[in-house]
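Raw contents of work.cif, mmCIF, C-alpha atoms and all ligand atoms:
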data_model
loop_
_atom_site.label_atom_id
_atom_site.label_comp_id
_atom_site.auth_asym_id
_atom_site.auth_seq_id
_atom_site.Cartn_x
_atom_site.Cartn_y
_atom_site.Cartn_z
CA MET Y 1 48.69 8.65 3.85
CA THR Y 2 48.19 5.84 6.34
CA GLN Y 3 46.95 2.41 5.30
CA THR Y 4 43.54 3.22 6.82
CA ASP Y 5 43.27 6.42 4.81
CA ALA Y 6 44.09 4.53 1.64
CA ASP Y 7 41.51 1.87 2.43
CA THR Y 8 38.90 4.51 3.10
CA ALA Y 9 39.54 6.21 -0.22
CA ARG Y 10 39.38 2.93 -2.16
CA LEU Y 11 36.27 1.83 -0.35
CA SER Y 12 34.53 5.06 -1.22
CA LEU Y 13 35.26 4.61 -4.91
CA ALA Y 14 34.29 0.94 -4.86
CA LEU Y 15 30.96 1.67 -3.16
CA ASN Y 16 30.20 4.28 -5.81
CA GLU Y 17 30.89 1.78 -8.51
CA LEU Y 18 28.79 -0.87 -6.79
CA ARG Y 19 26.01 1.71 -6.31
CA MET Y 20 25.73 1.26 -2.59
CA PRO Y 21 25.11 4.78 -1.33
CA ALA Y 22 23.61 3.71 1.98
CA ILE Y 23 26.67 1.67 2.93
CA LYS Y 24 28.91 4.46 1.74
CA ALA Y 25 27.15 6.96 3.98
CA LEU Y 26 26.81 4.70 6.99
CA TRP Y 27 29.91 2.56 7.22
CA PRO Y 28 32.17 5.04 9.08
CA HIS Y 29 29.59 5.43 11.83
CA PHE Y 30 28.94 1.69 12.03
CA ALA Y 31 32.65 0.91 11.94
CA GLN Y 32 33.27 3.21 14.86
CA GLN Y 33 30.47 1.63 16.85
CA ALA Y 34 31.61 -1.88 15.91
CA ASP Y 35 35.19 -1.14 17.01
CA LYS Y 36 34.01 0.41 20.25
CA GLU Y 37 31.57 -2.34 21.14
CA GLY Y 38 33.58 -5.22 19.72
CA TRP Y 39 30.97 -6.43 17.21
CA PRO Y 40 31.77 -9.65 15.36
CA ALA Y 41 32.60 -8.89 11.72
CA ALA Y 42 29.47 -10.72 10.54
CA ARG Y 43 27.23 -8.45 12.57
CA PHE Y 44 28.90 -5.35 11.17
CA LEU Y 45 28.53 -6.55 7.60
CA THR Y 46 24.91 -7.66 8.09
CA ALA Y 47 23.92 -4.31 9.57
CA LEU Y 48 25.35 -2.45 6.58
CA VAL Y 49 23.84 -4.73 3.96
CA GLU Y 50 20.43 -4.55 5.59
CA HIS Y 51 20.50 -0.77 5.49
CA GLU Y 52 21.38 -0.83 1.80
CA LEU Y 53 18.48 -3.19 1.09
CA ALA Y 54 15.99 -1.08 3.07
CA GLU Y 55 17.14 2.04 1.24
CA ARG Y 56 16.75 0.26 -2.10
CA ASP Y 57 13.20 -0.76 -1.22
CA ARG Y 58 12.39 2.80 -0.23
CA ARG Y 59 13.76 4.19 -3.48
CA ARG Y 60 11.94 1.57 -5.55
CA ILE Y 61 8.61 2.41 -3.94
CA GLU Y 62 9.30 6.13 -4.37
CA ARG Y 63 9.94 5.51 -8.07
CA HIS Y 64 6.78 3.44 -8.42
CA VAL Y 65 4.72 6.10 -6.65
CA SER Y 66 5.87 8.71 -9.13
CA GLN Y 67 5.30 6.38 -12.10
CA ALA Y 68 1.77 5.63 -10.88
CA ARG Y 69 0.66 9.25 -11.58
CA LEU Y 70 -1.70 9.17 -8.62
CA LEU Y 71 -3.75 12.13 -7.46
CA PRO Y 72 -1.71 14.08 -4.89
CA GLY Y 73 -2.91 14.01 -1.31
CA LYS Y 74 -5.64 11.42 -1.82
CA THR Y 75 -5.09 8.67 0.72
CA ILE Y 76 -7.20 6.16 2.61
CA ASP Y 77 -6.49 8.09 5.79
CA THR Y 78 -7.96 11.28 4.32
CA PHE Y 79 -11.04 9.45 2.98
CA ASP Y 80 -14.08 9.95 5.19
CA PHE Y 81 -15.77 6.54 5.26
CA ALA Y 82 -18.72 7.91 7.24
CA ALA Y 83 -19.77 9.76 4.08
CA VAL Y 84 -20.13 6.48 2.17
CA PRO Y 85 -21.84 4.04 4.54
CA MET Y 86 -21.99 1.27 1.92
CA LEU Y 87 -18.18 1.05 1.96
CA SER Y 88 -16.34 -0.53 4.85
CA LYS Y 89 -12.84 0.62 5.66
CA ALA Y 90 -11.95 -2.94 6.62
CA HIS Y 91 -12.95 -4.17 3.16
CA ILE Y 92 -10.92 -1.43 1.43
CA ASN Y 93 -7.93 -2.21 3.65
CA ALA Y 94 -8.21 -5.89 2.73
CA ILE Y 95 -8.24 -4.87 -0.94
CA THR Y 96 -5.05 -2.84 -0.51
CA ALA Y 97 -3.26 -5.99 0.65
CA GLY Y 98 -3.74 -7.07 -2.98
CA ASP Y 99 -2.75 -10.69 -2.70
CA SER Y 100 -6.22 -12.22 -2.88
CA TRP Y 101 -7.22 -10.61 -6.19
CA ILE Y 102 -4.42 -8.85 -8.05
CA GLY Y 103 -2.49 -12.01 -8.84
CA LYS Y 104 -5.58 -13.44 -10.52
CA GLY Y 105 -6.32 -10.37 -12.60
CA ASP Y 106 -9.59 -9.60 -10.80
CA ASN Y 107 -11.16 -6.17 -11.29
CA ILE Y 108 -12.76 -3.44 -9.22
CA LEU Y 109 -15.61 -1.27 -10.46
CA LEU Y 110 -16.60 1.92 -8.66
CA PHE Y 111 -19.92 3.45 -9.59
CA GLY Y 112 -21.49 6.64 -8.37
CA PRO Y 113 -22.54 10.15 -9.33
CA PRO Y 114 -19.96 12.96 -9.61
CA GLY Y 115 -18.28 14.16 -6.44
CA VAL Y 116 -18.77 11.09 -4.26
CA GLY Y 117 -15.07 10.23 -4.03
CA LYS Y 118 -14.54 7.67 -6.81
CA SER Y 119 -11.32 9.27 -8.02
CA HIS Y 120 -10.11 9.91 -4.48
CA LEU Y 121 -10.74 6.34 -3.37
CA SER Y 122 -9.27 4.71 -6.48
CA SER Y 123 -6.10 6.79 -6.25
CA ALA Y 124 -5.85 6.01 -2.53
CA ILE Y 125 -6.21 2.28 -3.22
CA GLY Y 126 -3.51 2.66 -5.88
CA LEU Y 127 -1.13 4.34 -3.47
CA ALA Y 128 -1.63 1.71 -0.79
CA LEU Y 129 -0.99 -1.05 -3.33
CA VAL Y 130 2.23 0.60 -4.51
CA GLU Y 131 3.34 0.84 -0.89
CA ASN Y 132 2.63 -2.88 -0.64
CA GLY Y 133 4.91 -3.59 -3.59
CA TYR Y 134 2.53 -3.58 -6.58
CA ARG Y 135 2.84 -1.54 -9.76
CA VAL Y 136 -0.07 0.77 -10.51
CA LEU Y 137 -0.96 3.33 -13.18
CA PHE Y 138 -3.72 5.88 -12.63
CA THR Y 139 -5.05 7.54 -15.75
CA ARG Y 140 -8.10 9.35 -16.99
CA THR Y 141 -9.67 6.93 -19.42
CA THR Y 142 -9.89 9.46 -22.25
CA ASP Y 143 -6.17 10.28 -21.93
CA LEU Y 144 -5.20 6.64 -22.21
CA VAL Y 145 -7.62 6.05 -25.09
CA GLN Y 146 -6.02 8.98 -26.92
CA LYS Y 147 -2.57 7.46 -26.45
CA LEU Y 148 -3.75 4.06 -27.62
CA GLN Y 149 -5.43 5.60 -30.67
CA GLN Y 150 -2.15 7.25 -31.56
CA ALA Y 151 -0.40 3.92 -31.09
CA ARG Y 152 -2.92 2.28 -33.41
CA ARG Y 153 -2.24 4.92 -36.07
CA ASP Y 154 1.47 4.14 -35.66
CA LEU Y 155 0.67 0.42 -35.99
CA ALA Y 156 1.93 -0.11 -32.45
CA LEU Y 157 -1.27 -0.76 -30.53
CA GLU Y 158 -0.33 -4.27 -29.51
CA SER Y 159 2.99 -3.25 -28.02
CA ALA Y 160 1.41 -0.22 -26.31
CA ILE Y 161 -1.09 -2.53 -24.62
CA ALA Y 162 1.66 -5.02 -23.80
CA LYS Y 163 3.65 -2.25 -22.10
CA LEU Y 164 0.76 -1.71 -19.71
CA ASP Y 165 1.21 -5.32 -18.58
CA LYS Y 166 3.92 -4.19 -16.21
CA PHE Y 167 1.22 -2.57 -14.11
CA ASP Y 168 -0.49 -5.01 -11.78
CA LEU Y 169 -3.36 -2.55 -11.58
CA LEU Y 170 -4.50 -0.11 -14.24
CA ILE Y 171 -6.90 2.52 -12.91
CA LEU Y 172 -9.18 3.87 -15.63
CA ASP Y 173 -10.85 6.92 -14.14
CA ASP Y 174 -14.15 8.12 -15.61
CA ILE Y 175 -14.74 5.55 -18.32
CA ALA Y 176 -18.03 7.20 -19.24
CA TYR Y 177 -16.20 10.30 -20.48
CA VAL Y 178 -14.90 8.43 -23.51
CA THR Y 179 -16.18 10.31 -26.54
CA LYS Y 180 -17.99 8.91 -29.54
CA ASP Y 181 -15.00 9.17 -31.90
CA GLN Y 182 -12.79 7.53 -29.25
CA ALA Y 183 -15.27 4.69 -28.92
CA GLU Y 184 -15.30 3.97 -32.63
CA THR Y 185 -11.69 2.82 -32.74
CA SER Y 186 -12.39 0.20 -30.03
CA VAL Y 187 -8.90 0.47 -28.51
CA LEU Y 188 -10.51 0.36 -25.08
CA PHE Y 189 -12.16 -2.93 -25.91
CA GLU Y 190 -8.84 -4.36 -27.03
CA LEU Y 191 -7.21 -3.18 -23.81
CA ILE Y 192 -9.92 -4.80 -21.68
CA SER Y 193 -9.73 -8.04 -23.66
CA ALA Y 194 -5.95 -8.14 -23.39
CA ARG Y 195 -6.00 -7.75 -19.61
CA TYR Y 196 -8.88 -10.19 -19.07
CA GLU Y 197 -8.06 -12.78 -16.39
CA ARG Y 198 -4.40 -11.76 -16.42
CA ARG Y 199 -4.04 -8.21 -15.16
CA SER Y 200 -6.31 -6.22 -12.89
CA THR Y 201 -8.18 -3.08 -13.86
CA LEU Y 202 -10.04 -0.64 -11.66
CA ILE Y 203 -12.71 1.38 -13.42
CA THR Y 204 -14.68 4.33 -12.14
CA ALA Y 205 -17.90 5.39 -13.83
CA ASN Y 206 -20.73 7.75 -13.08
CA GLN Y 207 -23.02 5.81 -15.41
CA PRO Y 208 -24.30 2.30 -14.77
CA PHE Y 209 -23.65 -0.37 -17.42
CA GLY Y 210 -26.93 0.43 -19.16
CA ALA Y 211 -25.52 3.76 -20.29
CA TRP Y 212 -22.20 2.38 -21.56
CA ASP Y 213 -23.26 2.15 -25.19
CA THR Y 214 -21.42 5.34 -26.04
CA ILE Y 215 -18.10 3.93 -24.80
CA PHE Y 216 -17.80 1.10 -27.34
CA PRO Y 217 -18.49 0.97 -31.09
CA ASP Y 218 -21.63 -1.18 -30.89
CA PRO Y 219 -23.95 -2.87 -28.36
CA ALA Y 220 -22.42 -6.32 -28.90
CA MET Y 221 -18.98 -5.02 -28.03
CA THR Y 222 -20.36 -3.16 -25.00
CA LEU Y 223 -21.87 -6.40 -23.79
CA ALA Y 224 -18.66 -8.32 -24.40
CA ALA Y 225 -16.60 -5.67 -22.57
CA VAL Y 226 -18.95 -5.55 -19.57
CA ASP Y 227 -18.96 -9.35 -19.49
CA ARG Y 228 -15.19 -9.52 -19.25
CA LEU Y 229 -14.99 -6.75 -16.67
CA VAL Y 230 -17.57 -8.15 -14.28
CA HIS Y 231 -16.60 -11.81 -14.63
CA HIS Y 232 -14.18 -11.54 -11.68
CA ALA Y 233 -14.97 -8.20 -10.12
CA THR Y 234 -15.78 -6.46 -6.90
CA ILE Y 235 -18.38 -3.78 -7.54
CA PHE Y 236 -18.90 -0.80 -5.26
CA GLU Y 237 -21.93 1.40 -5.74
CA MET Y 238 -21.30 4.74 -4.09
CA ASN Y 239 -24.76 6.16 -4.32
CA VAL Y 240 -24.45 9.03 -1.89
CA GLU Y 241 -24.67 12.78 -2.02
CA SER Y 242 -21.74 14.60 -3.62
CA TYR Y 243 -19.04 15.14 -0.99
CA ARG Y 244 -17.97 18.28 -2.80
CA ARG Y 245 -21.49 19.72 -2.62
CA LYS Y 246 -21.88 18.70 1.02
CA VAL Y 247 -18.63 20.42 1.99
CA ALA Y 248 -19.67 23.54 0.09
CA GLN Y 249 -23.06 23.60 1.82
CA ASN Y 250 -21.54 23.18 5.27
CA ALA Y 251 -19.19 26.07 4.57
CA GLN Y 252 -22.13 28.42 3.94
CA PRO Y 253 -23.33 30.53 6.85
CA LYS Y 254 -26.17 28.84 8.73
CA GLN Y 255 -29.64 30.30 8.18
CA ARG Y 256 -30.82 32.33 11.13
CA ALA Y 257 -33.30 30.54 13.32
CA GLN Y 258 -36.86 31.66 12.67
CA SER Y 259 -38.07 34.19 15.16
P1 LIG H 301 -15.67 11.64 -8.05
O1 LIG H 301 -14.46 11.08 -8.67
O2 LIG H 301 -16.63 10.60 -7.56
O3 LIG H 301 -16.35 12.64 -8.92
P2 LIG H 301 -13.77 12.89 -6.27
O4 LIG H 301 -12.99 11.73 -5.81
O5 LIG H 301 -13.16 13.75 -7.31
O6 LIG H 301 -15.24 12.43 -6.74
O7 LIG H 301 -14.17 13.76 -5.00
C1 LIG H 301 -14.43 15.16 -5.08
C2 LIG H 301 -13.69 15.88 -3.96
O8 LIG H 301 -14.26 15.53 -2.70
C3 LIG H 301 -12.23 15.52 -3.88
O9 LIG H 301 -11.51 16.62 -3.43
C4 LIG H 301 -12.21 14.40 -2.84
O10 LIG H 301 -10.97 14.35 -2.17
C5 LIG H 301 -13.32 14.83 -1.91
N1 LIG H 301 -14.03 13.67 -1.35
C6 LIG H 301 -15.03 12.97 -1.92
N2 LIG H 301 -15.48 12.01 -1.11
C7 LIG H 301 -14.73 12.08 0.01
C8 LIG H 301 -14.73 11.36 1.25
N3 LIG H 301 -15.58 10.35 1.49
N4 LIG H 301 -13.80 11.72 2.17
C9 LIG H 301 -12.96 12.74 1.95
N5 LIG H 301 -12.92 13.47 0.81
C10 LIG H 301 -13.80 13.15 -0.15
MG MG H 302 -13.66 11.49 -10.53
#
Write-out of the structure in C-alpha cells:
Amino acid sequence: MTQTDADTARLSLALNELRMPAIKALWPHFAQQADKEGWPAARFLTALVEHELAERDRRRIERHVSQARLLPGKTIDTFDFAAVPMLSKAHINAITAGDSWIGKGDNILLFGPPGVGKSHLSSAIGLALVENGYRVLFTRTTDLVQKLQQARRDLALESAIAKLDKFDLLILDDIAYVTKDQAETSVLFELISARYERRSTLITANQPFGAWDTIFPDPAMTLAAVDRLVHHATIFEMNVESYRRKVAQNAQPKQRAQS
C-alpha cells in the first residue's frame, strides 16, 4: 500500500465519522482537478466545504418538508390565480418570504366555501415557507384537537402545545369541522392563546366568524379566540365558485347548439 492509498483509506473513515458524505463523495474528483489545474490549497478546501454545506441545507429542507405533512402536489405554481381574482400572486409570493410577519407571530385567515382552494393554497404557502427556511406543520384541525385532547387526558397538554412552538407556522385546516365534543374541552382555545403574538397560525374556514360558536365551549371564548386571531392577521376571503365543481362542469360534454 502506498502512502496515498493509506491516506485515502483513513480519510474515508474520518469523513464517515465526521458525517461529511458530500466531501467524501466529491474529494477525489476535486483533488484530481485541483492537481491538474494547480489550485491553491485554500480554494480546494473551500470548494469541498461549500458543497458539504449546500448538501446539508438540502437535506435539512427535505426533512422539514416531510415533517410539515403538506398536501402532495399542491404548489403555488399549480394554483390558478385567475380563478380567485381577489388574491394577487404578488401578495402571496410576498407572504412566502415570511420575514415581515412570521417573526412577529402574525396570522393568516383564509375564508371561503368548499372547493375554492383554501387547503391547496395554505399547503402551497407552507411549502414555499419551508423552502425559505421556516418550519411548518399542516394539519386538519380536528386531528390536532384530538391529539391535544389525548394530551390533556394524559396531563400533558402544556408540553404538547409547547412542542408545537418549534413550528414557525401552524396550519389549521378546516377549523369549522371541529365537533361539539371537541369544542367542549377548549384545547383549541388554549393553543390559540399560547401562540398569540409569538407564533404564527394559518387557519382555513368555510364559515365566517359568526358561525364559529360551535368551535369553542361558549360565546365568550369564541369572541376571545377570534380577537386573538384577528389582532395581527391578514384575512383572505375567497368567495368564488368551487374550483372542483368548475373543473367537473368543464369536463362534461358541451350541450349541442340549438337548431
Ligand atoms: P377547499 O380547501 O377550499 O375546500 P381545495 O384546496 O381542497 O379546496 O381545492 C379542491 C381541489 O381543487 C383541489 O384538488 C385543488 O388542488 C383544486 N383547486 C382549487 N382551487 C384551485 C385553483 N385556484 N387552482 C388550481 N387548483 C385548484
Ligand atoms: Mg379544504
Could you give me, as JSON lines, every chain Y residue with an atom at most 9 Å from ligand MG 302 (chain H), plus its closest atom pair and distance in Å to one decimal, counting only C-alpha atoms and all ligand atoms, rows ordered by chain then number?
{"residue": "Y:Pro114", "atom": "CA", "partner": "H:MG302", "partner_atom": "MG", "distance": 6.5}
{"residue": "Y:Gly115", "atom": "CA", "partner": "H:MG302", "partner_atom": "MG", "distance": 6.7}
{"residue": "Y:Val116", "atom": "CA", "partner": "H:MG302", "partner_atom": "MG", "distance": 8.1}
{"residue": "Y:Gly117", "atom": "CA", "partner": "H:MG302", "partner_atom": "MG", "distance": 6.8}
{"residue": "Y:Lys118", "atom": "CA", "partner": "H:MG302", "partner_atom": "MG", "distance": 5.4}
{"residue": "Y:Ser119", "atom": "CA", "partner": "H:MG302", "partner_atom": "MG", "distance": 4.1}
{"residue": "Y:His120", "atom": "CA", "partner": "H:MG302", "partner_atom": "MG", "distance": 7.2}
{"residue": "Y:Arg140", "atom": "CA", "partner": "H:MG302", "partner_atom": "MG", "distance": 8.8}
{"residue": "Y:Asp173", "atom": "CA", "partner": "H:MG302", "partner_atom": "MG", "distance": 6.5}
{"residue": "Y:Asp174", "atom": "CA", "partner": "H:MG302", "partner_atom": "MG", "distance": 6.1}
{"residue": "Y:Thr204", "atom": "CA", "partner": "H:MG302", "partner_atom": "MG", "distance": 7.4}
{"residue": "Y:Ala205", "atom": "CA", "partner": "H:MG302", "partner_atom": "MG", "distance": 8.1}
{"residue": "Y:Asn206", "atom": "CA", "partner": "H:MG302", "partner_atom": "MG", "distance": 8.4}
Atom CA of His51 of chain Y to atom CA of Trp27 of chain Y, distance in Å rounded to a single decimal = 10.1 Å
Considering only C-alpha atoms, tabulate each residue of segment 80-105 of chain Y that lies at most 10 Å from segment 241-255 of chain Y along with its nearest interatomic pair and the corresponding distance in Å to one decimal; arrange the rows by chain and ascending residue number and present them as CSV.
residue,atom,partner,partner_atom,distance
Y:Asp80,CA,Y:Tyr243,CA,9.5
Y:Ala83,CA,Y:Tyr243,CA,7.4
Y:Val84,CA,Y:Glu241,CA,8.8
Tell me which of Y:Ala151, Y:Ala220, Y:Ala22, Y:Leu110 sits closest to Pro208 of chain Y, counting all atoms listed in the file.
->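 Between Y:Ala151, Y:Ala220, Y:Ala22, Y:Leu110, the residue approaching Pro208 of chain Y most closely is Y:Leu110.
Around Leu170 of chain Y, within 6 Å and counting all atoms listed in the file, the residues found are Y:Val136, Y:Leu137, Y:Thr201, once anything fewer than 6 positions away on its own chain is removed.
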With C-alpha atoms retained, could you export that selection as a PDB file, in the frame of the given file?
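Saved file selection-v2.pdb follows:
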ATOM      1  CA  VAL Y 136      -0.070   0.770 -10.510  1.00  0.00           C
ATOM      2  CA  LEU Y 137      -0.960   3.330 -13.180  1.00  0.00           C
ATOM      3  CA  THR Y 201      -8.180  -3.080 -13.860  1.00  0.00           C
TER       4      THR Y 201
END
For Ser100 of chain Y, list every protein, DNA or RNA residue within 12 Å, evaluated using only C-alpha atoms, and leave out those in the same chain fewer than 6 positions away; present the list as a ChimeraX atom specification.
-> /Y:94,106-107,200,232,234
Pick out the closest residue to Arg135 of chain Y from this set: Y:Met238, Y:Leu148, Y:Leu169, Y:Val49. Count all atoms listed in the file.
->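 That would be Y:Leu169, the residue with the smallest distance to Arg135 of chain Y.
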Calculate how many Å separate atom CA of Leu70 of chain Y from atom CA of Ile171 of chain Y, rounding to one decimal.
->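 We find that atom CA of Leu70 of chain Y and atom CA of Ile171 of chain Y lie 9.5 Å from each other.
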Nearest to Phe138 of chain Y among Y:Pro72, Y:Pro217, Y:Pro85, Y:Gly112, with distances taken over all atoms listed in the file: which residue is it?
->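 Smallest distance to Phe138 of chain Y is found for Y:Pro72.
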Please measure the separation of atom C2 of ligand LIG 301 (chain H) and atom CA of Trp101 of chain Y, giving the value in Å to one decimal.
-> 27.4 Å
So which residues fall inside 12 Å of (-23.0, 2.4, -29.2) if we count only C-alpha atoms? Mind giving them as a count of residues only?
-> 23
Exercise: residues within 7 Å of coordinate (-16.7, -2.7, -8.1), counting only C-alpha atoms, as a list in words =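 With a cut-off of 7 Å, the residues come to Ile108, Leu109, Leu110, Ala233, Thr234, Ile235 and Phe236 of chain Y.
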So which one's closest to Ile175 of chain Y, Y:Glu190, Y:Asp154, Y:Asp35, Y:Asp143? Using all atoms listed in the file, please.
->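 Looking at the shortest contact to Ile175 of chain Y, the residue is Y:Asp143.
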Restricting to only C-alpha atoms, whichever of Y:Ile102, Y:Ala68, Y:Leu48, Y:Val145 is closest to Val130 of chain Y is Y:Ala68
Which residue, Y:Leu53, Y:Leu172, Y:Ala162, Y:Ala41, has the smallest gap to ligand LIG 301 (chain H) when you use all atoms listed in the file?
->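 Among the listed residues, the smallest separation from ligand LIG 301 (chain H) belongs to Y:Leu172.
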So for ligand LIG 301 (chain H), what box centre and size do we get, axis-aligned, 8 Å extra on each of the six sides, every listed atom, Å to one decimal, as JSON?
{"center_x": -13.8, "center_y": 13.5, "center_z": -3.4, "size_x": 21.7, "size_y": 22.3, "size_z": 27.1}
Dump of segment 48-57 of chain Y from preceding block, all heavy atoms, as a short mmCIF file (atom, residue, chain, number, x, y, z; two decimals), in the first residue's frame:
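Saved file part00.cif follows:
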data_model
loop_
_atom_site.label_atom_id
_atom_site.label_comp_id
_atom_site.auth_asym_id
_atom_site.auth_seq_id
_atom_site.Cartn_x
_atom_site.Cartn_y
_atom_site.Cartn_z
N LEU Y 48 -14.78 22.17 -1.35
CA LEU Y 48 -15.33 20.97 -0.70
C LEU Y 48 -16.29 21.34 0.42
O LEU Y 48 -17.39 20.80 0.54
CB LEU Y 48 -14.20 20.11 -0.15
CG LEU Y 48 -13.40 19.31 -1.18
CD1 LEU Y 48 -12.28 18.56 -0.50
CD2 LEU Y 48 -14.31 18.35 -1.95
N VAL Y 49 -15.87 22.26 1.26
CA VAL Y 49 -16.68 22.64 2.42
C VAL Y 49 -18.00 23.26 1.97
O VAL Y 49 -19.07 23.00 2.54
CB VAL Y 49 -15.87 23.60 3.32
CG1 VAL Y 49 -16.77 24.28 4.33
CG2 VAL Y 49 -14.77 22.84 4.04
N GLU Y 50 -17.94 24.05 0.91
CA GLU Y 50 -19.17 24.66 0.42
C GLU Y 50 -20.16 23.62 -0.11
O GLU Y 50 -21.36 23.74 0.08
CB GLU Y 50 -18.86 25.71 -0.65
CG GLU Y 50 -18.55 27.04 0.01
CD GLU Y 50 -18.12 28.13 -0.94
OE1 GLU Y 50 -17.91 27.84 -2.13
OE2 GLU Y 50 -17.96 29.26 -0.46
N HIS Y 51 -19.64 22.60 -0.74
CA HIS Y 51 -20.53 21.53 -1.21
C HIS Y 51 -21.18 20.80 -0.04
O HIS Y 51 -22.35 20.44 -0.10
CB HIS Y 51 -19.77 20.54 -2.10
CG HIS Y 51 -19.75 20.96 -3.53
ND1 HIS Y 51 -18.82 21.81 -4.04
CD2 HIS Y 51 -20.59 20.67 -4.55
CE1 HIS Y 51 -19.06 22.03 -5.32
NE2 HIS Y 51 -20.14 21.35 -5.65
N GLU Y 52 -20.40 20.57 1.01
CA GLU Y 52 -20.97 19.89 2.19
C GLU Y 52 -22.10 20.74 2.79
O GLU Y 52 -23.15 20.23 3.16
CB GLU Y 52 -19.87 19.64 3.22
CG GLU Y 52 -20.29 18.77 4.39
CD GLU Y 52 -20.63 17.35 3.97
OE1 GLU Y 52 -19.78 16.69 3.36
OE2 GLU Y 52 -21.76 16.90 4.24
N LEU Y 53 -21.85 22.04 2.89
CA LEU Y 53 -22.86 22.94 3.47
C LEU Y 53 -24.14 22.96 2.62
O LEU Y 53 -25.25 22.89 3.16
CB LEU Y 53 -22.31 24.37 3.57
CG LEU Y 53 -21.48 24.69 4.81
CD1 LEU Y 53 -21.02 26.13 4.76
CD2 LEU Y 53 -22.29 24.42 6.09
N ALA Y 54 -23.98 23.04 1.30
CA ALA Y 54 -25.14 23.08 0.41
C ALA Y 54 -25.94 21.79 0.54
O ALA Y 54 -27.18 21.79 0.58
CB ALA Y 54 -24.68 23.29 -1.03
N GLU Y 55 -25.24 20.68 0.63
CA GLU Y 55 -25.88 19.38 0.76
C GLU Y 55 -26.63 19.29 2.10
O GLU Y 55 -27.73 18.75 2.18
CB GLU Y 55 -24.79 18.30 0.64
CG GLU Y 55 -25.27 16.88 0.70
CD GLU Y 55 -26.26 16.52 -0.38
OE1 GLU Y 55 -26.34 17.25 -1.40
OE2 GLU Y 55 -26.98 15.52 -0.20
N ARG Y 56 -26.03 19.84 3.13
CA ARG Y 56 -26.68 19.85 4.45
C ARG Y 56 -27.97 20.66 4.42
O ARG Y 56 -28.98 20.25 4.97
CB ARG Y 56 -25.74 20.48 5.48
CG ARG Y 56 -25.35 19.49 6.53
CD ARG Y 56 -24.29 20.02 7.42
NE ARG Y 56 -23.25 19.01 7.48
CZ ARG Y 56 -22.31 18.97 8.40
NH1 ARG Y 56 -22.24 19.91 9.30
NH2 ARG Y 56 -21.44 18.00 8.40
N ASP Y 57 -27.91 21.82 3.77
CA ASP Y 57 -29.11 22.67 3.63
C ASP Y 57 -30.19 21.90 2.91
O ASP Y 57 -31.36 21.91 3.30
CB ASP Y 57 -28.78 23.92 2.79
CG ASP Y 57 -28.26 25.04 3.68
OD1 ASP Y 57 -28.27 24.86 4.91
OD2 ASP Y 57 -27.82 26.06 3.13
#
